[in-house]
>>> print(open('entry_26.cif').read())   # mmCIF, C-alpha atoms and all ligand atoms
data_my_file
loop_
_atom_site.label_atom_id
_atom_site.label_comp_id
_atom_site.auth_asym_id
_atom_site.auth_seq_id
_atom_site.Cartn_x
_atom_site.Cartn_y
_atom_site.Cartn_z
CA MET I 1 -16.58 36.58 -10.60
CA ARG I 2 -19.20 33.84 -10.57
CA THR I 3 -18.23 30.43 -9.24
CA SER I 4 -20.15 27.44 -7.98
CA ARG I 5 -17.01 25.79 -6.57
CA ILE I 6 -13.64 26.94 -5.26
CA LEU I 7 -10.99 24.28 -4.69
CA GLN I 8 -7.71 25.20 -3.01
CA ALA I 9 -4.72 23.10 -4.01
CA VAL I 10 -1.01 22.81 -3.42
CA GLU I 11 0.89 21.61 -6.49
CA ALA I 12 3.70 19.15 -5.75
CA HIS I 13 5.76 16.48 -7.48
CA ALA I 14 7.62 13.45 -6.15
CA GLU I 15 10.78 12.63 -8.10
CA GLY I 16 9.06 14.21 -11.14
CA GLU I 17 5.55 12.74 -10.81
CA PRO I 18 2.97 15.49 -10.19
CA GLY I 19 0.45 14.98 -7.38
CA ARG I 20 -1.89 17.95 -6.89
CA VAL I 21 -3.12 18.04 -3.29
CA ILE I 22 -6.58 19.54 -2.67
CA THR I 23 -6.47 21.21 0.71
CA GLY I 24 -9.84 23.01 0.77
CA GLY I 25 -13.24 23.34 -0.85
CA MET I 26 -14.27 19.68 -0.92
CA PRO I 27 -17.79 18.55 0.01
CA LEU I 28 -18.05 16.37 3.10
CA LEU I 29 -17.18 12.79 2.14
CA LYS I 30 -19.05 10.09 4.06
CA GLY I 31 -17.64 6.83 5.35
CA ALA I 32 -16.34 4.96 8.37
CA SER I 33 -12.87 4.59 6.81
CA VAL I 34 -10.85 6.48 4.22
CA PHE I 35 -11.56 3.58 1.83
CA GLU I 36 -15.30 4.28 2.25
CA LYS I 37 -14.76 8.03 1.81
CA MET I 38 -12.93 7.22 -1.43
CA GLN I 39 -15.91 5.12 -2.54
CA ASP I 40 -18.23 8.05 -1.67
CA MET I 41 -16.12 10.42 -3.78
CA ALA I 42 -16.09 7.93 -6.69
CA ALA I 43 -19.86 7.37 -6.52
CA ASN I 44 -21.10 10.89 -5.75
CA HIS I 45 -18.40 13.47 -6.51
CA ASP I 46 -16.40 12.04 -9.41
CA GLU I 47 -16.83 15.33 -11.31
CA ILE I 48 -14.22 16.82 -8.96
CA ARG I 49 -11.63 14.24 -10.07
CA LEU I 50 -12.48 14.92 -13.71
CA MET I 51 -12.49 18.71 -13.25
CA MET I 52 -9.05 18.58 -11.60
CA LEU I 53 -7.28 16.09 -13.91
CA ARG I 54 -8.67 16.95 -17.35
CA GLU I 55 -8.18 20.05 -19.44
CA PRO I 56 -8.27 22.97 -18.95
CA ARG I 57 -7.18 22.57 -15.29
CA GLY I 58 -5.24 19.33 -15.69
CA ASN I 59 -3.29 17.25 -18.18
CA PRO I 60 -2.78 13.52 -18.91
CA GLY I 61 0.28 13.29 -16.66
CA LEU I 62 -1.39 14.69 -13.56
CA CYS I 63 -2.45 12.78 -10.43
CA GLY I 64 -4.41 14.23 -7.52
CA ASN I 65 -5.13 13.82 -3.85
CA VAL I 66 -7.76 15.05 -1.41
CA LEU I 67 -6.92 15.56 2.25
CA VAL I 68 -9.69 14.13 4.44
CA PRO I 69 -10.14 13.74 8.19
CA PRO I 70 -8.88 10.25 9.10
CA CYS I 71 -11.18 7.66 10.65
CA HIS I 72 -8.51 5.50 12.30
CA PRO I 73 -7.60 6.77 15.80
CA GLU I 74 -3.85 6.36 15.14
CA ALA I 75 -3.82 8.48 11.96
CA ASP I 76 -2.79 12.15 11.84
CA ALA I 77 -4.40 12.75 8.43
CA GLY I 78 -6.23 10.89 5.69
CA PHE I 79 -5.92 11.16 1.93
CA ILE I 80 -7.74 9.91 -1.14
CA ILE I 81 -5.73 9.42 -4.32
CA PHE I 82 -7.30 10.01 -7.71
CA GLU I 83 -5.84 9.31 -11.15
CA GLN I 84 -7.06 9.50 -14.76
CA THR I 85 -9.00 6.21 -14.76
CA GLU I 86 -9.15 5.08 -11.14
CA TYR I 87 -8.91 5.78 -7.43
CA PRO I 88 -5.82 3.79 -6.40
CA PRO I 89 -5.92 2.42 -2.84
CA MET I 90 -2.28 3.47 -2.38
CA SER I 91 0.36 5.39 -4.32
CA GLY I 92 4.01 6.07 -3.56
CA SER I 93 4.49 9.35 -5.40
CA ASN I 94 1.17 10.69 -4.10
CA THR I 95 2.01 9.74 -0.51
CA ILE I 96 5.28 11.67 -0.84
CA CYS I 97 3.43 14.69 -2.30
CA VAL I 98 0.85 14.60 0.51
CA VAL I 99 3.50 14.38 3.25
CA THR I 100 5.47 17.23 1.64
CA VAL I 101 2.36 19.42 1.54
CA LEU I 102 1.19 18.52 5.06
CA LEU I 103 4.53 19.39 6.67
CA GLU I 104 5.97 22.12 4.44
CA THR I 105 2.79 24.23 4.49
CA GLY I 106 2.33 23.73 8.24
CA ILE I 107 -0.95 21.78 8.09
CA LEU I 108 0.80 19.36 10.46
CA PRO I 109 3.79 20.43 12.57
CA MET I 110 7.25 19.73 11.16
CA ILE I 111 9.73 18.55 13.78
CA GLU I 112 13.37 18.74 12.70
CA PRO I 113 15.40 16.68 12.02
CA VAL I 114 12.78 13.90 11.87
CA THR I 115 8.97 14.02 11.83
CA ASP I 116 7.08 10.78 12.35
CA LEU I 117 3.43 10.68 11.34
CA THR I 118 0.74 8.23 10.35
CA LEU I 119 -1.53 8.60 7.35
CA GLU I 120 -4.71 6.75 6.58
CA ALA I 121 -4.71 5.88 2.87
CA PRO I 122 -7.63 3.97 1.34
CA ALA I 123 -5.39 0.86 1.50
CA GLY I 124 -4.80 1.29 5.25
CA LEU I 125 -2.45 2.90 7.76
CA ILE I 126 0.85 4.20 6.40
CA ARG I 127 3.63 4.97 8.89
CA VAL I 128 5.80 7.81 7.62
CA ARG I 129 9.19 9.21 8.60
CA ALA I 130 10.19 12.55 7.07
CA GLU I 131 13.74 13.85 7.35
CA CYS I 132 13.55 17.65 7.53
CA ARG I 133 16.06 20.48 7.51
CA ASP I 134 15.41 24.24 7.54
CA GLY I 135 11.71 23.84 6.81
CA LYS I 136 12.30 21.45 3.89
CA ILE I 137 11.75 17.70 3.73
CA THR I 138 14.89 16.05 2.39
CA GLN I 139 13.47 12.52 2.35
CA VAL I 140 10.11 10.85 2.91
CA SER I 141 10.17 7.18 3.89
CA PHE I 142 7.04 5.16 4.47
CA ARG I 143 6.11 1.62 5.37
CA ASN I 144 3.86 0.45 2.57
CA VAL I 145 1.02 -2.04 2.78
CA PRO I 146 2.21 -5.63 2.19
CA ALA I 147 3.13 -6.39 -1.44
CA PHE I 148 2.77 -9.80 -3.09
CA ALA I 149 3.00 -11.59 -6.43
CA VAL I 150 -0.13 -13.33 -7.74
CA HIS I 151 1.23 -14.68 -11.05
CA LEU I 152 4.83 -15.29 -12.09
CA ASP I 153 5.72 -15.87 -15.75
CA ALA I 154 2.08 -16.32 -16.82
CA LYS I 155 1.34 -16.22 -20.54
CA VAL I 156 -1.12 -13.78 -22.10
CA GLU I 157 -2.08 -13.37 -25.74
CA VAL I 158 -1.69 -9.73 -26.74
CA THR I 159 -2.99 -8.27 -30.01
CA GLY I 160 -0.02 -7.33 -32.17
CA LEU I 161 2.54 -8.85 -29.79
CA GLY I 162 1.59 -12.54 -29.61
CA THR I 163 2.28 -14.51 -26.44
CA VAL I 164 3.80 -12.36 -23.69
CA ALA I 165 5.20 -13.62 -20.36
CA VAL I 166 3.97 -11.44 -17.50
CA ASP I 167 3.99 -11.23 -13.71
CA VAL I 168 1.02 -9.79 -11.83
CA ALA I 169 1.70 -8.28 -8.42
CA TRP I 170 0.21 -5.95 -5.82
CA GLY I 171 2.27 -3.09 -4.36
CA GLY I 172 -0.67 -0.88 -3.32
CA MET I 173 -2.10 -1.11 -6.86
CA PHE I 174 -2.31 -4.23 -9.07
CA PHE I 175 0.46 -4.21 -11.71
CA VAL I 176 1.16 -6.32 -14.74
CA LEU I 177 4.94 -6.48 -15.13
CA ALA I 178 6.89 -7.49 -18.22
CA ASN I 179 10.54 -7.54 -19.24
CA ALA I 180 11.09 -4.71 -21.75
CA ASP I 181 14.23 -6.33 -23.23
CA ARG I 182 12.32 -9.51 -24.07
CA LEU I 183 9.66 -7.38 -25.79
CA GLY I 184 12.31 -5.39 -27.65
CA VAL I 185 11.06 -2.13 -26.12
CA ASP I 186 13.60 0.61 -25.43
CA LEU I 187 12.86 2.10 -21.99
CA SER I 188 14.31 5.55 -22.64
CA ALA I 189 11.94 8.47 -22.01
CA ASP I 190 12.15 9.48 -25.71
CA ASN I 191 10.44 6.20 -26.56
CA GLY I 192 7.50 7.02 -24.27
CA LYS I 193 4.83 6.75 -26.98
CA ASP I 194 5.86 3.17 -27.87
CA ILE I 195 6.19 2.16 -24.23
CA THR I 196 2.67 3.37 -23.38
CA ARG I 197 1.13 1.77 -26.48
CA VAL I 198 2.68 -1.65 -25.78
CA SER I 199 1.91 -1.37 -22.06
CA GLU I 200 -1.75 -0.56 -22.60
CA ALA I 201 -2.16 -3.56 -24.92
CA ILE I 202 -0.54 -5.84 -22.32
CA ARG I 203 -2.62 -4.39 -19.47
CA HIS I 204 -5.87 -4.81 -21.37
CA ALA I 205 -5.08 -8.43 -22.34
CA THR I 206 -3.97 -9.31 -18.81
CA ALA I 207 -7.03 -7.75 -17.18
CA GLU I 208 -9.19 -9.90 -19.48
CA GLN I 209 -7.20 -13.13 -19.27
CA LEU I 210 -5.78 -12.97 -15.72
CA PRO I 211 -8.11 -10.78 -13.66
CA VAL I 212 -7.06 -10.48 -10.01
CA ILE I 213 -8.87 -9.58 -6.79
CA HIS I 214 -7.27 -8.50 -3.53
CA PRO I 215 -7.79 -11.37 -1.04
CA GLU I 216 -8.59 -8.96 1.81
CA ASN I 217 -10.78 -6.52 -0.11
CA PRO I 218 -12.79 -7.86 -3.06
CA ALA I 219 -13.60 -4.30 -4.15
CA ILE I 220 -9.97 -3.99 -5.31
CA THR I 221 -9.40 -5.58 -8.70
CA GLY I 222 -6.86 -5.38 -11.48
CA PRO I 223 -4.38 -5.23 -13.00
CA THR I 224 -4.93 -1.53 -13.73
CA ILE I 225 -1.35 -0.34 -14.40
CA THR I 226 1.73 -1.64 -16.22
CA ASN I 227 5.39 -1.89 -15.25
CA LEU I 228 7.82 -2.55 -18.12
CA TRP I 229 11.13 -3.12 -16.39
CA GLY I 230 14.73 -3.44 -17.47
CA ALA I 231 18.25 -3.96 -16.21
CA PRO I 232 19.85 -1.03 -14.38
CA ILE I 233 21.93 1.42 -16.40
CA ALA I 234 22.93 4.02 -13.81
CA GLU I 235 25.56 3.38 -11.17
CA GLY I 236 24.08 2.69 -7.73
CA THR I 237 20.71 1.50 -9.08
CA HIS I 238 19.36 -2.06 -9.12
CA GLY I 239 16.65 -1.78 -11.75
CA ARG I 240 14.62 0.59 -13.84
CA GLY I 241 11.00 0.79 -14.73
CA ALA I 242 8.65 2.60 -17.06
CA ILE I 243 5.18 2.60 -15.55
CA THR I 244 2.20 3.36 -17.76
CA LEU I 245 -1.00 4.81 -16.30
CA SER I 246 -4.11 4.53 -18.46
CA THR I 247 -5.66 7.80 -19.55
CA GLY I 248 -8.72 6.40 -21.27
CA PRO I 249 -10.47 3.25 -22.44
CA PHE I 250 -8.52 0.73 -24.57
CA ASP I 251 -10.12 -0.27 -27.89
CA PRO I 252 -8.77 -3.72 -28.87
CA ASP I 253 -9.70 -3.02 -32.51
CA ARG I 254 -7.52 0.11 -32.53
CA PRO I 255 -4.50 -0.76 -30.33
CA GLN I 256 -2.45 1.85 -32.20
CA ASP I 257 -4.64 4.57 -30.59
CA ALA I 258 -4.07 3.35 -27.00
CA SER I 259 -3.85 6.24 -24.60
CA GLY I 260 -1.54 5.99 -21.63
CA ILE I 261 1.02 8.16 -19.93
CA LEU I 262 4.34 7.40 -18.30
CA ASP I 263 4.76 7.87 -14.58
CA ARG I 264 7.48 10.53 -14.44
CA SER I 265 8.79 8.99 -11.20
CA PRO I 266 10.00 5.39 -10.72
CA CYS I 267 6.51 4.70 -9.23
CA GLY I 268 6.42 3.75 -5.56
CA THR I 269 3.75 1.07 -5.74
CA GLY I 270 5.34 -0.22 -8.98
CA THR I 271 8.72 -0.47 -7.24
CA CYS I 272 7.10 -2.41 -4.36
CA ALA I 273 5.30 -4.75 -6.80
CA LYS I 274 8.64 -5.39 -8.57
CA MET I 275 10.30 -6.09 -5.20
CA ALA I 276 7.53 -8.60 -4.37
CA VAL I 277 8.19 -10.38 -7.69
CA LEU I 278 11.97 -10.41 -7.10
CA HIS I 279 11.42 -11.73 -3.56
CA ALA I 280 9.07 -14.45 -4.82
CA ARG I 281 11.83 -15.53 -7.24
CA GLY I 282 14.44 -15.56 -4.46
CA LEU I 283 16.27 -12.57 -5.99
CA LEU I 284 15.72 -9.97 -3.22
CA ALA I 285 16.17 -10.59 0.50
CA PRO I 286 14.98 -8.64 3.53
CA GLY I 287 17.33 -5.78 4.43
CA GLN I 288 18.69 -5.35 0.89
CA ASP I 289 18.12 -1.91 -0.66
CA TYR I 290 16.45 -1.87 -4.07
CA VAL I 291 17.11 1.41 -5.92
CA ASN I 292 14.76 1.78 -8.87
CA ALA I 293 15.19 4.43 -11.58
CA GLY I 294 12.36 6.02 -13.60
CA PRO I 295 12.26 7.72 -17.01
CA LEU I 296 13.81 10.97 -15.72
CA GLY I 297 16.65 9.09 -14.02
CA THR I 298 15.25 9.89 -10.56
CA THR I 299 15.10 7.05 -8.04
CA PHE I 300 13.00 5.54 -5.28
CA THR I 301 14.71 3.27 -2.77
CA GLY I 302 12.82 0.28 -1.45
CA CYS I 303 13.76 -2.18 1.27
CA ILE I 304 12.00 -5.30 2.56
CA VAL I 305 11.51 -4.94 6.31
CA GLU I 306 9.31 -7.97 6.97
CA GLU I 307 8.07 -11.17 5.36
CA THR I 308 4.39 -11.96 5.83
CA LYS I 309 1.33 -13.44 4.08
CA VAL I 310 -1.73 -11.86 2.48
CA GLY I 311 -4.50 -14.41 2.03
CA PRO I 312 -2.78 -17.38 0.34
CA TYR I 313 0.15 -15.30 -0.98
CA PRO I 314 3.62 -14.99 0.57
CA ALA I 315 4.16 -11.23 0.90
CA ILE I 316 6.71 -8.61 1.87
CA VAL I 317 6.37 -5.41 3.85
CA PRO I 318 8.44 -2.82 1.96
CA THR I 319 9.57 0.63 2.92
CA LEU I 320 9.95 3.21 0.18
CA SER I 321 11.90 6.48 0.18
CA GLY I 322 11.98 9.50 -2.11
CA GLN I 323 11.61 13.26 -2.10
CA GLY I 324 8.90 15.75 -3.02
CA TRP I 325 8.84 19.42 -4.02
CA ILE I 326 6.04 22.00 -3.94
CA TYR I 327 5.80 24.08 -7.12
CA GLY I 328 2.61 26.08 -6.78
CA LEU I 329 -0.41 27.24 -4.83
CA SER I 330 -3.67 27.30 -6.76
CA SER I 331 -7.36 28.10 -6.51
CA TYR I 332 -9.63 26.46 -9.08
CA THR I 333 -13.07 27.86 -9.80
CA LEU I 334 -16.09 26.70 -11.80
CA ASP I 335 -18.29 29.25 -13.53
CA PRO I 336 -21.84 27.81 -13.37
CA SER I 337 -22.25 28.53 -17.10
CA ASP I 338 -19.00 26.72 -18.09
CA PRO I 339 -20.07 24.09 -20.67
CA PHE I 340 -17.31 21.74 -19.40
CA PRO I 341 -17.85 21.33 -15.63
CA ALA I 342 -16.01 17.99 -15.73
CA GLY I 343 -13.27 19.24 -18.08
CA TYR I 344 -12.53 17.62 -21.43
CA THR I 345 -10.02 15.52 -23.34
CA VAL I 346 -8.87 15.96 -26.95
CA GLY I 347 -7.34 13.15 -29.01
CA ASP I 348 -4.14 15.02 -29.89
CA MET I 349 -2.69 14.63 -26.40
CA TRP I 350 -4.94 12.12 -24.65
O1 LIG M 401 4.24 6.14 -7.15
C1 LIG M 401 3.17 5.55 -7.36
O2 LIG M 401 2.85 4.56 -6.71
C2 LIG M 401 2.27 6.10 -8.39
N1 LIG M 401 2.71 7.15 -9.25
C3 LIG M 401 1.61 7.40 -10.20
C4 LIG M 401 0.96 6.06 -10.31
C5 LIG M 401 1.10 5.42 -8.95
O3 LIG M 401 -0.03 5.75 -8.18
#
>>> encode(input="entry_26.cif", output="structure tokens")
Amino acid sequence: MRTSRILQAVEAHAEGEPGRVITGGMPLLKGASVFEKMQDMAANHDEIRLMMLREPRGNPGLCGNVLVPPCHPEADAGFIIFEQTEYPPMSGSNTICVVTVLLETGILPMIEPVTDLTLEAPAGLIRVRAECRDGKITQVSFRNVPAFAVHLDAKVEVTGLGTVAVDVAWGGMFFVLANADRLGVDLSADNGKDITRVSEAIRHATAEQLPVIHPENPAITGPTITNLWGAPIAEGTHGRGAITLSTGPFDPDRPQDASGILDRSPCGTGTCAKMAVLHARGLLAPGQDYVNAGPLGTTFTGCIVEETKVGPYPAIVPTLSGQGWIYGLSSYTLDPSDPFPAGYTVGDMW
């Protein structure tokens, strides 16, 4: 067999959202922090992201992670997150996948009943507590980076929808959030195509009309992802969300062709952004659990553990809990004569 690259990966999902974790075969990434290593991967090795996420090795719903040596002295491991159109500084489902892989495959020691560890994500240090029994993690909880709302009830003009009221908030990624009921969008998973089309139009309009920059890191801009939220329907939950990740560029002249994909989980950073918005409106207090359901009915539980400030914005420090499962061990190769070293996309499913 001829191959110019061999990447080892552990396939995992968190509450339904897949997060492939690359455990071996990566080139050395340079940088004095995991954020800088992420920038090095984006600038010099982006073909690995494309090769992993696109066909024939990937699919529109897939996210990925690379394990890297941490730079911060307090961190046990570092990880870079990569998605279809961006390298998010932080991600809830991907953090849970990474922790599950690190402990359940023995890369880091699992201590039962509780393993505490610290990860260095591009967004900063993430303190993690994993509840473990008989070699299996039964719950991952982590303290996220501070979340904050930048715009509440701002108006954007969206092609085909008219004036839409949106919130823009950071939960580890920059989200535009909108009330699905007010838009007349049914949040059930069967309506996924409509949800992603509407979400992509709102995201594109908001990024143009209300661009945001993280006050502590001007390299982080947005919004890049959409959270259409609705009232809870399942007992024991406090809200539900359908989060749309972009899978390609948005053409404002052809909004009907918008390509996006639903997060299969309730989205960890999206849950934290929603909690920041609720807190800013006086609707969620520290110590109160916020159980958020996603399109498969699975949940993430958030809780505000601290109030703080980020730049000029009042902010919250949220914890987030959920569970992950490993479903495969893979090796990916690249024949040097393969005409698609960075994979491909085809308009029927992308
Ligand atoms: O849980 C999250 O935060 C994420 N899931 C996929 C998109 C986001 O990174």
>>> residues_around(input="entry_26.cif", residues="region 303-315 of chain I", least_positions_apart="3", cutoff="9 Å", atoms="only C-alpha atoms", output="PDB file with C-alpha atoms, in the coordinates of the input")
ATOM      1  CA  ARG I 143       6.110   1.620   5.370  1.00  0.00           C
ATOM      2  CA  PRO I 146       2.210  -5.630   2.190  1.00  0.00           C
ATOM      3  CA  ALA I 147       3.130  -6.390  -1.440  1.00  0.00           C
ATOM      4  CA  PHE I 148       2.770  -9.800  -3.090  1.00  0.00           C
ATOM      5  CA  ALA I 149       3.000 -11.590  -6.430  1.00  0.00           C
ATOM      6  CA  VAL I 150      -0.130 -13.330  -7.740  1.00  0.00           C
ATOM      7  CA  HIS I 214      -7.270  -8.500  -3.530  1.00  0.00           C
ATOM      8  CA  PRO I 215      -7.790 -11.370  -1.040  1.00  0.00           C
ATOM      9  CA  GLU I 216      -8.590  -8.960   1.810  1.00  0.00           C
ATOM     10  CA  CYS I 272       7.100  -2.410  -4.360  1.00  0.00           C
ATOM     11  CA  MET I 275      10.300  -6.090  -5.200  1.00  0.00           C
ATOM     12  CA  ALA I 276       7.530  -8.600  -4.370  1.00  0.00           C
ATOM     13  CA  HIS I 279      11.420 -11.730  -3.560  1.00  0.00           C
ATOM     14  CA  ALA I 280       9.070 -14.450  -4.820  1.00  0.00           C
ATOM     15  CA  LEU I 284      15.720  -9.970  -3.220  1.00  0.00           C
ATOM     16  CA  ALA I 285      16.170 -10.590   0.500  1.00  0.00           C
ATOM     17  CA  PRO I 286      14.980  -8.640   3.530  1.00  0.00           C
ATOM     18  CA  GLY I 287      17.330  -5.780   4.430  1.00  0.00           C
ATOM     19  CA  GLN I 288      18.690  -5.350   0.890  1.00  0.00           C
ATOM     20  CA  ASP I 289      18.120  -1.910  -0.660  1.00  0.00           C
ATOM     21  CA  TYR I 290      16.450  -1.870  -4.070  1.00  0.00           C
ATOM     22  CA  VAL I 291      17.110   1.410  -5.920  1.00  0.00           C
ATOM     23  CA  PRO I 318       8.440  -2.820   1.960  1.00  0.00           C
ATOM     24  CA  THR I 319       9.570   0.630   2.920  1.00  0.00           C
ATOM     25  CA  LEU I 320       9.950   3.210   0.180  1.00  0.00           C
ATOM     26  CA  SER I 321      11.900   6.480   0.180  1.00  0.00           C
TER      27      SER I 321
END
>>> closest_residue(input="entry_26.cif", among="I:Thr333, I:Ser33, I:Gln256, I:Thr196", to="Pro73 (chain I)", atoms="only C-alpha atoms")
I:Ser33
>>> residues_around(input="entry_26.cif", residues="region 35-48 of chain I", least_positions_apart="5", cutoff="8 Å", atoms="all atoms listed in the file", output="ChimeraX atom specification")
/I:29-30,80,87,89,121-124,341-342
>>> residues_near_ligand(input="entry_26.cif", ligand="ligand LIG 401 (chain M)", cutoff="6 Å", atoms="only C-alpha atoms and all ligand atoms", output="PyMOL selection string")
chain I and resi 91-93+263+267-270
>>> closest_residue(input="entry_26.cif", among="I:Gly64, I:Gly302, I:Gly297, I:Gly78", to="Ser265 (chain I)", atoms="only C-alpha atoms")
I:Gly297
>>> closest_atom_pairs(input="entry_26.cif", of="region 135-225 of chain I", to="region 95-102 of chain I", cutoff="12 Å", atoms="only C-alpha atoms", output="Markdown table")
| residue | atom | partner | partner_atom | distance |
| --- | --- | --- | --- | --- |
| I:Gly135 | CA | I:Thr100 | CA | 10.5 |
| I:Lys136 | CA | I:Thr100 | CA | 8.3 |
| I:Ile137 | CA | I:Thr100 | CA | 6.6 |
| I:Thr138 | CA | I:Thr100 | CA | 9.5 |
| I:Gln139 | CA | I:Ile96 | CA | 8.8 |
| I:Val140 | CA | I:Ile96 | CA | 6.2 |
| I:Ser141 | CA | I:Ile96 | CA | 8.2 |
| I:Phe142 | CA | I:Thr95 | CA | 8.4 |
| I:Arg143 | CA | I:Thr95 | CA | 10.8 |
| I:Asn144 | CA | I:Thr95 | CA | 10.0 |
| I:Gly172 | CA | I:Thr95 | CA | 11.3 |
>>> residues_near_point(input="entry_26.cif", point="(-10.0, 5.9, -11.5)", cutoff="10 Å", atoms="all atoms listed in the file", output="list in words")
Ala42, Asp46, Arg49, Leu50, Ile81, Phe82, Glu83, Gln84, Thr85, Glu86, Tyr87, Pro88, Thr224, Ser246, Thr247 and Gly248 of chain I
>>> atom_distance(input="entry_26.cif", atom1="CA of Val158 (chain I)", atom2="CA of Leu187 (chain I)")
19.3 Å
>>> atom_distance(input="entry_26.cif", atom1="CA of Leu7 (chain I)", atom2="CA of Ile22 (chain I)")
6.8 Å
>>> decode(input="entry_26.cif", residues="region 146-157 of chain I", atoms="N, CA and C atoms", output="short mmCIF file (atom, residue, chain, number, x, y, z; two decimals), in the first residue's frame")
data_model
loop_
_atom_site.label_atom_id
_atom_site.label_comp_id
_atom_site.auth_asym_id
_atom_site.auth_seq_id
_atom_site.Cartn_x
_atom_site.Cartn_y
_atom_site.Cartn_z
N PRO I 146 -15.52 32.21 30.15
CA PRO I 146 -16.66 33.08 30.43
C PRO I 146 -17.50 33.35 29.18
N ALA I 147 -18.82 33.36 29.38
CA ALA I 147 -19.77 33.59 28.28
C ALA I 147 -20.45 34.95 28.49
N PHE I 148 -20.75 35.63 27.41
CA PHE I 148 -21.37 36.96 27.54
C PHE I 148 -22.20 37.30 26.32
N ALA I 149 -23.18 38.18 26.56
CA ALA I 149 -24.03 38.66 25.46
C ALA I 149 -23.48 39.99 24.95
N VAL I 150 -23.41 40.14 23.63
CA VAL I 150 -22.94 41.39 23.03
C VAL I 150 -24.12 42.22 22.56
N HIS I 151 -25.11 41.60 21.96
CA HIS I 151 -26.32 42.30 21.50
C HIS I 151 -27.54 41.55 22.00
N LEU I 152 -28.53 42.30 22.49
CA LEU I 152 -29.81 41.69 22.88
C LEU I 152 -30.89 42.35 22.03
N ASP I 153 -31.74 41.52 21.43
CA ASP I 153 -32.87 42.04 20.64
C ASP I 153 -32.47 43.05 19.58
N ALA I 154 -31.35 42.82 18.91
CA ALA I 154 -30.92 43.71 17.82
C ALA I 154 -31.69 43.32 16.57
N LYS I 155 -31.85 44.26 15.66
CA LYS I 155 -32.63 43.98 14.44
C LYS I 155 -31.69 43.81 13.26
N VAL I 156 -31.90 42.73 12.50
CA VAL I 156 -31.15 42.54 11.26
C VAL I 156 -32.13 42.32 10.11
N GLU I 157 -31.74 42.77 8.94
CA GLU I 157 -32.57 42.58 7.74
C GLU I 157 -32.09 41.32 7.04
#
